[in-house]
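Q: Have a look at this one before I ask anything.
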Amino acid sequence: MASVVKTLAKNTSVLFISQVISYLLAFIYTLYSARYLGTKDYGIISFATSIAGLFSIFTDLGLSTLTIREVAKDKSRTYKYLGNHGSIKFILSIVTMILLIISVNVISYNEVTRQVVYLIGASTIINAFSGTFTSMFRAYEQMEYQSISEILNASIMFIGILLCVFTGQSVIAVALVYVITNTIVLIYNFLMCTRNYGLIHFQFDFKFWKYLIYTAFPLAITSIFALISFRMNTILLNMLTTSAVVGEYSAAFNLMQALIFIPTVYSTAILPIFAKFYVEDKSKLDYSYKKSLKYLSILSIPISMGTSILSDDIIYFMYGSAYANTIPILRLIIWALPAIFLSYILGNSIASINKQHETVKATFVCLLISTIGNFIFIMAFNGVGAAMITVINEVSMVVFYIYIMNKYGYNVPVLEVIIKPLIASIIMGAVVYVLDLGLFSSVAVGVIVYVIMVFVLRMFNKDDLDIMSDLLPQKAVTILGKLIK
């Protein structure tokens, strides 16, 4: 178990560092682009990103997750999966781009919006095909290559967006930066995959294609329903309101979404491990699953509480007074974060035990909630209504996922995962609210209060200390041991 913890720690650390660098750069270029473009043009970019992201799911159809899971179990399958996965994805990418172009022209969007959608769509398709190679990095648990890829992506985006801002380029030029960035990243991923696992040879084993598509179908349907639910609000806001409202909502949504890198990093590292545990030792899977939920909950709930209380200061600091209408949206939508954190682990756990078909009904119900709810709430409350439905939808998804895992004997310790972190967060939030010290001082005080409450409520036990002993210096472990006792 110690070697597994160290492998997970190595991969998570590498990905985490790359994500911190990437999101720091993204924070800066998003800040500049949002202020430079204004709510209207920023709304166009956000809409294009949402609709392109929605179509991008048809380029994968669950094949990446299936490839990671199966190659992680048996490395001899590498060339068969890489060749056939790549062939299917290449065809799906072309078809998806054609469908995106048709759909944008069927609906009467203005010329600028159409051109931005074409460019963002092309970049998303390129990025999706690049995922064929990153799935190999993940299957082999060599996350350093994916980390470099992400830093490269963020760096080129950072340079490109700042050049657009300081040279006074249009929203179309900003969209073109996405295409250039993802093309360079695709080349890097291709070269690294070729160097480590051999040159990709497109294979057309149609019998194997049938197996891949059939096996991945539940993952595909689940991903499609989940992504539509997640993106529906932005698309409907664009249809039912104005680009300015889309920009205001997207400013809050992107802040919340930026924090999703944490469960993304962790779930990326843990999926191949979960898959191996399911084959080798189910008790280890149960243990790792519960610990994963606990740690992500301890991290996400206080973030939501603190962001909700400090939303005014955060929005004014990041976007300025022009985005004042974003404040109530952020205050609400940030509460989707804990549910999203947990759903990443729950979703990967369900996939690792080969019960992905169980998620289809759950994600379909959430799709209905998202579609119907957004129509009603957006008409009544604009961006705030979309935020309400986002939270309801994500919480509903987690409830369904927990039910599925419980059904197969993997229960969730509610006291450890939800109740204790929530109590600690409420106390932290009350202290921050009463003191009202300003943004950075409040964050510092909040962290101190929450850490104290973690130990007061005994959220960590001897098992957690054993895990940390494989990761931290002995002196730090000794100090933590005294605090836990």
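Residue numbers start at 1 in each chain; chains themselves are named A, B, ... in the order of the structure tokens; ligands are numbered from 1 in the order shown.
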Just the residues within 12 Å of Thr371 in chain A, please, counting only C-alpha atoms, with nothing from its chain fewer than 6 positions along; format it as a PyMOL selection string.
A: chain A and resi 225-237+364-365+377-378+386+389-390+392-393
Q: Keeping N, CA and C atoms, export the residues of the selection given above as a short mmCIF file (atom, residue, chain, number, x, y, z; two decimals), in the first residue's frame.
A:
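File written: part-v7.cif
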```cif
data_model
loop_
_atom_site.label_atom_id
_atom_site.label_comp_id
_atom_site.auth_asym_id
_atom_site.auth_seq_id
_atom_site.Cartn_x
_atom_site.Cartn_y
_atom_site.Cartn_z
N PHE A 225 -24.74 13.24 -21.26
CA PHE A 225 -25.80 13.80 -20.41
C PHE A 225 -25.20 14.76 -19.37
N ALA A 226 -24.07 14.36 -18.77
CA ALA A 226 -23.46 15.19 -17.72
C ALA A 226 -22.95 16.50 -18.31
N LEU A 227 -22.33 16.43 -19.48
CA LEU A 227 -21.78 17.64 -20.08
C LEU A 227 -22.88 18.59 -20.54
N ILE A 228 -23.94 18.02 -21.12
CA ILE A 228 -25.07 18.87 -21.53
C ILE A 228 -25.66 19.56 -20.31
N SER A 229 -25.80 18.82 -19.22
CA SER A 229 -26.33 19.40 -17.99
C SER A 229 -25.43 20.54 -17.51
N PHE A 230 -24.12 20.33 -17.61
CA PHE A 230 -23.14 21.29 -17.10
C PHE A 230 -23.08 22.54 -17.98
N ARG A 231 -23.27 22.37 -19.29
CA ARG A 231 -23.14 23.49 -20.23
C ARG A 231 -24.47 24.12 -20.62
N MET A 232 -25.57 23.47 -20.28
CA MET A 232 -26.88 23.93 -20.73
C MET A 232 -27.17 25.35 -20.30
N ASN A 233 -26.75 25.71 -19.08
CA ASN A 233 -27.07 27.04 -18.57
C ASN A 233 -26.50 28.15 -19.45
N THR A 234 -25.23 28.02 -19.85
CA THR A 234 -24.60 29.05 -20.68
C THR A 234 -25.28 29.16 -22.03
N ILE A 235 -25.62 28.00 -22.61
CA ILE A 235 -26.27 28.00 -23.93
C ILE A 235 -27.65 28.63 -23.85
N LEU A 236 -28.44 28.26 -22.84
CA LEU A 236 -29.78 28.83 -22.70
C LEU A 236 -29.74 30.30 -22.31
N LEU A 237 -28.75 30.69 -21.51
CA LEU A 237 -28.60 32.11 -21.21
C LEU A 237 -28.38 32.91 -22.49
N PHE A 364 -29.32 11.09 -16.97
CA PHE A 364 -30.48 11.51 -17.77
C PHE A 364 -31.44 12.33 -16.92
N VAL A 365 -31.67 11.89 -15.69
CA VAL A 365 -32.55 12.65 -14.79
C VAL A 365 -31.95 14.04 -14.53
N PHE A 377 -35.92 28.94 -14.47
CA PHE A 377 -35.20 29.84 -13.57
C PHE A 377 -34.48 30.96 -14.31
N ILE A 378 -34.01 30.70 -15.51
CA ILE A 378 -33.36 31.77 -16.27
C ILE A 378 -34.37 32.84 -16.67
N ALA A 386 -29.66 30.51 -13.31
CA ALA A 386 -28.77 29.48 -13.87
C ALA A 386 -27.85 28.92 -12.79
N ILE A 389 -29.76 26.35 -10.58
CA ILE A 389 -29.93 25.05 -11.22
C ILE A 389 -28.61 24.29 -11.28
N THR A 390 -27.51 25.00 -11.47
CA THR A 390 -26.20 24.34 -11.46
C THR A 390 -25.96 23.62 -10.15
N ILE A 392 -28.28 22.68 -7.86
CA ILE A 392 -29.27 21.59 -7.71
C ILE A 392 -28.86 20.38 -8.55
N ASN A 393 -28.41 20.64 -9.77
CA ASN A 393 -28.04 19.57 -10.68
C ASN A 393 -26.84 18.78 -10.17
#
```
Q: Need to verify the contact set: Ala52 in chain A, 10 Å, only C-alpha atoms, exclusion of same-chain residues closer than 2 positions in sequence. Can you return it as number ranges by chain?
A: A: 46-50, 54-57, 96-97, 100, 117-125, 231
Q: Restricting the calculation to only C-alpha atoms: of A:Ile45, A:Tyr249, A:Met453, A:Ile315, which residue gets closest to Val177 in chain A?
A: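 Of A:Ile45, A:Tyr249, A:Met453, A:Ile315, the one nearest Val177 in chain A is A:Ile45, counting only C-alpha atoms.
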Q: I'd like to know which of A:Arg195, A:Leu82, A:Ile88, A:Ala26 is closest to Met157 in chain A, using only C-alpha atoms.
A: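 Once distances to Met157 in chain A are computed over only C-alpha atoms, the minimum belongs to A:Ala26.
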Q: Residues at most 12 Å from Cys164 in chain A, counting only C-alpha atoms, excluding those fewer than 6 positions away in the same chain, as a JSON list (two decimals) with N, CA and C atoms, in the first residue's frame?
A:
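Below is the file around-v6.json, written as the result:
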```json
[["chain", "number", "residue", "atom", "x", "y", "z"],
["A", 29, "TYR", "N", -4.58, 35.72, -17.68],
["A", 29, "TYR", "CA", -5.11, 36.02, -19.02],
["A", 29, "TYR", "C", -6.64, 36.07, -19.05],
["A", 32, "TYR", "N", -7.41, 39.63, -17.74],
["A", 32, "TYR", "CA", -7.18, 40.63, -18.77],
["A", 32, "TYR", "C", -8.21, 40.56, -19.89],
["A", 33, "SER", "N", -8.52, 39.33, -20.35],
["A", 33, "SER", "CA", -9.46, 39.19, -21.46],
["A", 33, "SER", "C", -10.87, 39.62, -21.07],
["A", 36, "TYR", "N", -10.80, 43.39, -20.87],
["A", 36, "TYR", "CA", -10.57, 43.97, -22.19],
["A", 36, "TYR", "C", -11.79, 43.79, -23.11],
["A", 37, "LEU", "N", -12.32, 42.58, -23.16],
["A", 37, "LEU", "CA", -13.43, 42.31, -24.07],
["A", 37, "LEU", "C", -14.74, 42.91, -23.59],
["A", 157, "MET", "N", -1.32, 30.16, -24.29],
["A", 157, "MET", "CA", -2.55, 30.95, -24.14],
["A", 157, "MET", "C", -2.24, 32.29, -23.47],
["A", 158, "PHE", "N", -1.43, 32.24, -22.44],
["A", 158, "PHE", "CA", -1.06, 33.45, -21.70],
["A", 158, "PHE", "C", -0.40, 34.47, -22.64],
["A", 170, "SER", "N", -9.25, 41.94, -32.02],
["A", 170, "SER", "CA", -10.68, 41.66, -31.89],
["A", 170, "SER", "C", -10.93, 40.35, -31.16],
["A", 171, "VAL", "N", -12.21, 40.08, -30.90],
["A", 171, "VAL", "CA", -12.59, 38.84, -30.23],
["A", 171, "VAL", "C", -12.26, 37.63, -31.13],
["A", 172, "ILE", "N", -12.26, 37.82, -32.45],
["A", 172, "ILE", "CA", -11.92, 36.74, -33.37],
["A", 172, "ILE", "C", -10.45, 36.36, -33.23],
["A", 173, "ALA", "N", -9.59, 37.36, -33.06],
["A", 173, "ALA", "CA", -8.16, 37.08, -32.86],
["A", 173, "ALA", "C", -7.94, 36.33, -31.55],
["A", 174, "VAL", "N", -8.70, 36.68, -30.52],
["A", 174, "VAL", "CA", -8.61, 35.98, -29.24],
["A", 174, "VAL", "C", -8.98, 34.50, -29.43],
["A", 175, "ALA", "N", -10.03, 34.25, -30.22],
["A", 175, "ALA", "CA", -10.45, 32.87, -30.49],
["A", 175, "ALA", "C", -9.37, 32.12, -31.27],
["A", 176, "LEU", "N", -8.67, 32.81, -32.16],
["A", 176, "LEU", "CA", -7.62, 32.17, -32.95],
["A", 176, "LEU", "C", -6.47, 31.67, -32.07],
["A", 177, "VAL", "N", -6.25, 32.35, -30.95],
["A", 177, "VAL", "CA", -5.20, 31.92, -30.01],
["A", 177, "VAL", "C", -5.48, 30.51, -29.51],
["A", 178, "TYR", "N", -6.76, 30.17, -29.30],
["A", 178, "TYR", "CA", -7.14, 28.83, -28.84],
["A", 178, "TYR", "C", -6.71, 27.78, -29.86]]
```
Q: Restricting the calculation to only C-alpha atoms: of A:Tyr79, A:Gly247, A:Thr113, A:Lys290, which residue gets closest to Cys193 in chain A?
A: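 Under the stated criterion, the closest residue is A:Tyr79.
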Q: Neighbours of Tyr289 in chain A within 8 Å (only C-alpha atoms; same-chain residues fewer than 4 positions away dropped), as a list in words?
A: Leu285, Leu293, Ile345 and Ser349 of chain A
Q: Any chance you can output those residues with all heavy atoms as a short mmCIF file (atom, residue, chain, number, x, y, z; two decimals), in the first residue's frame?
A:
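For reference, selection29.cif as written:
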```
data_model
loop_
_atom_site.label_atom_id
_atom_site.label_comp_id
_atom_site.auth_asym_id
_atom_site.auth_seq_id
_atom_site.Cartn_x
_atom_site.Cartn_y
_atom_site.Cartn_z
N LEU A 285 -9.62 -0.99 -2.63
CA LEU A 285 -10.45 -0.05 -3.39
C LEU A 285 -11.42 0.66 -2.46
O LEU A 285 -11.58 1.88 -2.52
CB LEU A 285 -11.22 -0.79 -4.49
CG LEU A 285 -12.26 0.04 -5.26
CD1 LEU A 285 -11.61 1.23 -5.93
CD2 LEU A 285 -12.98 -0.84 -6.28
N LEU A 293 -12.87 10.49 -0.88
CA LEU A 293 -14.04 11.32 -0.64
C LEU A 293 -13.82 12.25 0.55
O LEU A 293 -14.18 13.43 0.52
CB LEU A 293 -15.28 10.44 -0.40
CG LEU A 293 -15.81 9.65 -1.58
CD1 LEU A 293 -16.97 8.75 -1.13
CD2 LEU A 293 -16.27 10.57 -2.70
N ILE A 345 -14.69 11.66 -7.94
CA ILE A 345 -14.25 10.41 -7.32
C ILE A 345 -15.32 9.33 -7.47
O ILE A 345 -15.03 8.18 -7.79
CB ILE A 345 -13.93 10.62 -5.83
CG1 ILE A 345 -12.73 11.56 -5.69
CG2 ILE A 345 -13.64 9.30 -5.13
CD1 ILE A 345 -11.47 11.05 -6.36
N SER A 349 -14.93 5.87 -9.48
CA SER A 349 -15.10 4.63 -8.71
C SER A 349 -16.10 3.71 -9.40
O SER A 349 -15.88 2.50 -9.50
CB SER A 349 -15.58 4.96 -7.29
OG SER A 349 -14.66 5.77 -6.61
#
```
Q: For range 70-166 of chain A versus range 199-223 of chain A, which residues have an atom no more than 6 Å away, and what is each residue's nearest atom pair and distance in Å rounded to one decimal, using only C-alpha atoms, chain-then-number order, as JSON lines?
A:
```
{"residue": "A:Gly83", "atom": "CA", "partner": "A:Phe202", "partner_atom": "CA", "distance": 4.5}
{"residue": "A:Asn84", "atom": "CA", "partner": "A:Gln203", "partner_atom": "CA", "distance": 4.8}
{"residue": "A:Ser87", "atom": "CA", "partner": "A:Phe202", "partner_atom": "CA", "distance": 5.2}
```
Q: Go ahead and write the residues just picked, all heavy atoms, as a tab-separated table (two decimals), in the first residue's frame.
A:
```
chain	number	residue	atom	x	y	z
A	83	GLY	N	-4.01	2.37	-31.49
A	83	GLY	CA	-4.29	2.41	-32.92
A	83	GLY	C	-5.76	2.51	-33.25
A	83	GLY	O	-6.18	3.32	-34.08
A	84	ASN	N	-6.57	1.68	-32.59
A	84	ASN	CA	-8.01	1.68	-32.88
A	84	ASN	C	-8.71	2.88	-32.26
A	84	ASN	O	-9.61	3.47	-32.87
A	84	ASN	CB	-8.63	0.38	-32.39
A	84	ASN	CG	-8.30	-0.80	-33.28
A	84	ASN	OD1	-8.87	-0.97	-34.35
A	84	ASN	ND2	-7.34	-1.62	-32.85
A	87	SER	N	-7.99	5.83	-34.50
A	87	SER	CA	-8.74	5.78	-35.77
A	87	SER	C	-10.18	6.25	-35.57
A	87	SER	O	-10.71	7.06	-36.33
A	87	SER	CB	-8.73	4.36	-36.33
A	87	SER	OG	-7.43	3.92	-36.57
```
Q: I'd like the contact shell of Val245 in chain A - 12 Å cut-off, only C-alpha atoms, skipping same-chain residues fewer than 5 positions apart - returned as number ranges by chain.
A: A: 38-44, 46-47, 233-240, 250-252, 322-326, 329, 378, 381-386
Q: Can you work out the spacing between CA of Ile91 in chain A and CA of Phe129 in chain A in Å, to one decimal?
A: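 Separation between CA of Ile91 in chain A and CA of Phe129 in chain A: 10.0 Å.
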Q: My list of candidates is A:Met192, A:Ile187, A:Asn127, A:Val106. Which is closest to Glu144 in chain A when distances are computed with only C-alpha atoms?
A: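 That would be A:Met192, the residue with the smallest distance to Glu144 in chain A.
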Q: Using only C-alpha atoms, can you tell me which of A:Arg331, A:Val246, A:Glu150, A:Pro302 comes closest to Ile448 in chain A?
A: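 For Ile448 in chain A, the nearest of the given residues is A:Pro302.
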Q: Go through A:Pro328, A:Pro263, A:Gly86, A:Gly53 one by one, measure the shortest atom-to-atom distance of each to Ser292 in chain A using only C-alpha atoms, and give the residue with the smallest value.
A: A:Pro263
Q: Going by DSSP on the backbone, which residues of range 299-426 of chain A come out as alpha helix (DSSP H)? List them as a VMD selection string.
A: chain A and resid 299 to 309 311 to 318 326 to 333 337 to 352 359 to 381 383 to 407 414 420 to 426
Q: Residues of the last selection are to be written out with C-alpha atoms, as an mmCIF file, in the first residue's frame.
A:
```
data_model
loop_
_atom_site.group_PDB
_atom_site.id
_atom_site.type_symbol
_atom_site.label_atom_id
_atom_site.label_comp_id
_atom_site.auth_asym_id
_atom_site.auth_seq_id
_atom_site.Cartn_x
_atom_site.Cartn_y
_atom_site.Cartn_z
ATOM 1 C CA LEU A 299 -10.892 20.708 1.045
ATOM 2 C CA SER A 300 -13.929 21.765 -0.998
ATOM 3 C CA ILE A 301 -16.538 22.711 1.618
ATOM 4 C CA PRO A 302 -14.450 25.484 3.281
ATOM 5 C CA ILE A 303 -13.526 26.861 -0.162
ATOM 6 C CA SER A 304 -17.228 27.218 -0.952
ATOM 7 C CA MET A 305 -18.005 28.806 2.407
ATOM 8 C CA GLY A 306 -15.157 31.290 2.181
ATOM 9 C CA THR A 307 -15.882 32.213 -1.440
ATOM 10 C CA SER A 308 -19.573 32.750 -0.701
ATOM 11 C CA ILE A 309 -18.835 35.108 2.193
ATOM 12 C CA SER A 311 -17.775 37.082 -3.062
ATOM 13 C CA ASP A 312 -18.008 40.895 -3.148
ATOM 14 C CA ASP A 313 -14.294 41.344 -2.530
ATOM 15 C CA ILE A 314 -13.363 38.574 -4.964
ATOM 16 C CA ILE A 315 -15.388 39.942 -7.880
ATOM 17 C CA TYR A 316 -14.269 43.554 -7.416
ATOM 18 C CA PHE A 317 -10.652 42.456 -7.116
ATOM 19 C CA MET A 318 -10.740 40.212 -10.186
ATOM 20 C CA THR A 326 -21.739 38.637 -10.922
ATOM 21 C CA ILE A 327 -21.544 38.806 -7.109
ATOM 22 C CA PRO A 328 -24.864 37.067 -6.263
ATOM 23 C CA ILE A 329 -24.174 34.506 -9.004
ATOM 24 C CA LEU A 330 -20.797 33.594 -7.504
ATOM 25 C CA ARG A 331 -22.273 33.474 -4.005
ATOM 26 C CA LEU A 332 -24.650 30.742 -5.188
ATOM 27 C CA ILE A 333 -22.758 28.795 -7.824
ATOM 28 C CA LEU A 337 -18.069 22.879 -5.976
ATOM 29 C CA PRO A 338 -18.229 20.275 -3.147
ATOM 30 C CA ALA A 339 -20.659 18.190 -5.188
ATOM 31 C CA ILE A 340 -18.387 18.389 -8.240
ATOM 32 C CA PHE A 341 -15.369 17.372 -6.147
ATOM 33 C CA LEU A 342 -17.183 14.295 -4.858
ATOM 34 C CA SER A 343 -18.719 13.392 -8.226
ATOM 35 C CA TYR A 344 -15.275 13.087 -9.810
ATOM 36 C CA ILE A 345 -14.251 10.410 -7.317
ATOM 37 C CA LEU A 346 -17.663 8.721 -7.349
ATOM 38 C CA GLY A 347 -17.763 8.648 -11.153
ATOM 39 C CA ASN A 348 -14.280 7.161 -11.423
ATOM 40 C CA SER A 349 -15.102 4.635 -8.708
ATOM 41 C CA ILE A 350 -18.196 3.489 -10.588
ATOM 42 C CA ALA A 351 -16.165 3.161 -13.812
ATOM 43 C CA SER A 352 -13.415 1.223 -12.027
ATOM 44 C CA THR A 359 -24.985 6.043 -14.276
ATOM 45 C CA VAL A 360 -27.028 6.458 -17.462
ATOM 46 C CA LYS A 361 -30.388 6.853 -15.696
ATOM 47 C CA ALA A 362 -28.902 9.200 -13.103
ATOM 48 C CA THR A 363 -27.304 11.520 -15.649
ATOM 49 C CA PHE A 364 -30.475 11.512 -17.775
ATOM 50 C CA VAL A 365 -32.549 12.650 -14.787
ATOM 51 C CA CYS A 366 -29.977 15.385 -14.107
ATOM 52 C CA LEU A 367 -30.176 16.405 -17.763
ATOM 53 C CA LEU A 368 -33.934 16.848 -17.417
ATOM 54 C CA ILE A 369 -33.467 18.845 -14.214
ATOM 55 C CA SER A 370 -30.919 21.066 -15.940
ATOM 56 C CA THR A 371 -32.913 21.636 -19.125
ATOM 57 C CA ILE A 372 -36.344 22.252 -17.590
ATOM 58 C CA GLY A 373 -34.970 24.047 -14.537
ATOM 59 C CA ASN A 374 -32.807 26.393 -16.586
ATOM 60 C CA PHE A 375 -35.704 27.381 -18.832
ATOM 61 C CA ILE A 376 -37.839 28.260 -15.816
ATOM 62 C CA PHE A 377 -35.201 29.839 -13.572
ATOM 63 C CA ILE A 378 -33.356 31.775 -16.275
ATOM 64 C CA MET A 379 -36.601 33.358 -17.434
ATOM 65 C CA ALA A 380 -37.306 34.411 -13.831
ATOM 66 C CA PHE A 381 -33.847 35.229 -12.420
ATOM 67 C CA GLY A 383 -27.828 34.453 -14.260
ATOM 68 C CA VAL A 384 -28.820 33.845 -10.646
ATOM 69 C CA GLY A 385 -31.399 31.319 -11.824
ATOM 70 C CA ALA A 386 -28.769 29.481 -13.872
ATOM 71 C CA ALA A 387 -26.553 29.338 -10.773
ATOM 72 C CA MET A 388 -29.397 27.847 -8.715
ATOM 73 C CA ILE A 389 -29.934 25.046 -11.222
ATOM 74 C CA THR A 390 -26.201 24.342 -11.464
ATOM 75 C CA VAL A 391 -26.073 23.689 -7.718
ATOM 76 C CA ILE A 392 -29.268 21.594 -7.715
ATOM 77 C CA ASN A 393 -28.037 19.569 -10.684
ATOM 78 C CA GLU A 394 -24.597 18.795 -9.237
ATOM 79 C CA VAL A 395 -25.980 17.842 -5.813
ATOM 80 C CA SER A 396 -28.534 15.560 -7.492
ATOM 81 C CA MET A 397 -25.742 13.861 -9.427
ATOM 82 C CA VAL A 398 -23.786 13.150 -6.242
ATOM 83 C CA VAL A 399 -26.861 11.712 -4.507
ATOM 84 C CA PHE A 400 -27.429 9.311 -7.426
ATOM 85 C CA TYR A 401 -23.763 8.297 -7.528
ATOM 86 C CA ILE A 402 -23.682 7.627 -3.786
ATOM 87 C CA TYR A 403 -26.757 5.426 -4.174
ATOM 88 C CA ILE A 404 -25.026 3.408 -6.919
ATOM 89 C CA MET A 405 -21.870 2.887 -4.866
ATOM 90 C CA ASN A 406 -23.891 1.935 -1.773
ATOM 91 C CA LYS A 407 -25.764 -0.594 -3.890
ATOM 92 C CA VAL A 414 -21.470 10.764 5.996
ATOM 93 C CA LYS A 420 -17.620 17.441 10.193
ATOM 94 C CA PRO A 421 -16.214 19.558 7.317
ATOM 95 C CA LEU A 422 -19.504 21.470 7.150
ATOM 96 C CA ILE A 423 -19.472 22.264 10.890
ATOM 97 C CA ALA A 424 -15.851 23.422 10.696
ATOM 98 C CA SER A 425 -16.644 25.553 7.633
ATOM 99 C CA ILE A 426 -19.650 27.211 9.294
#
```
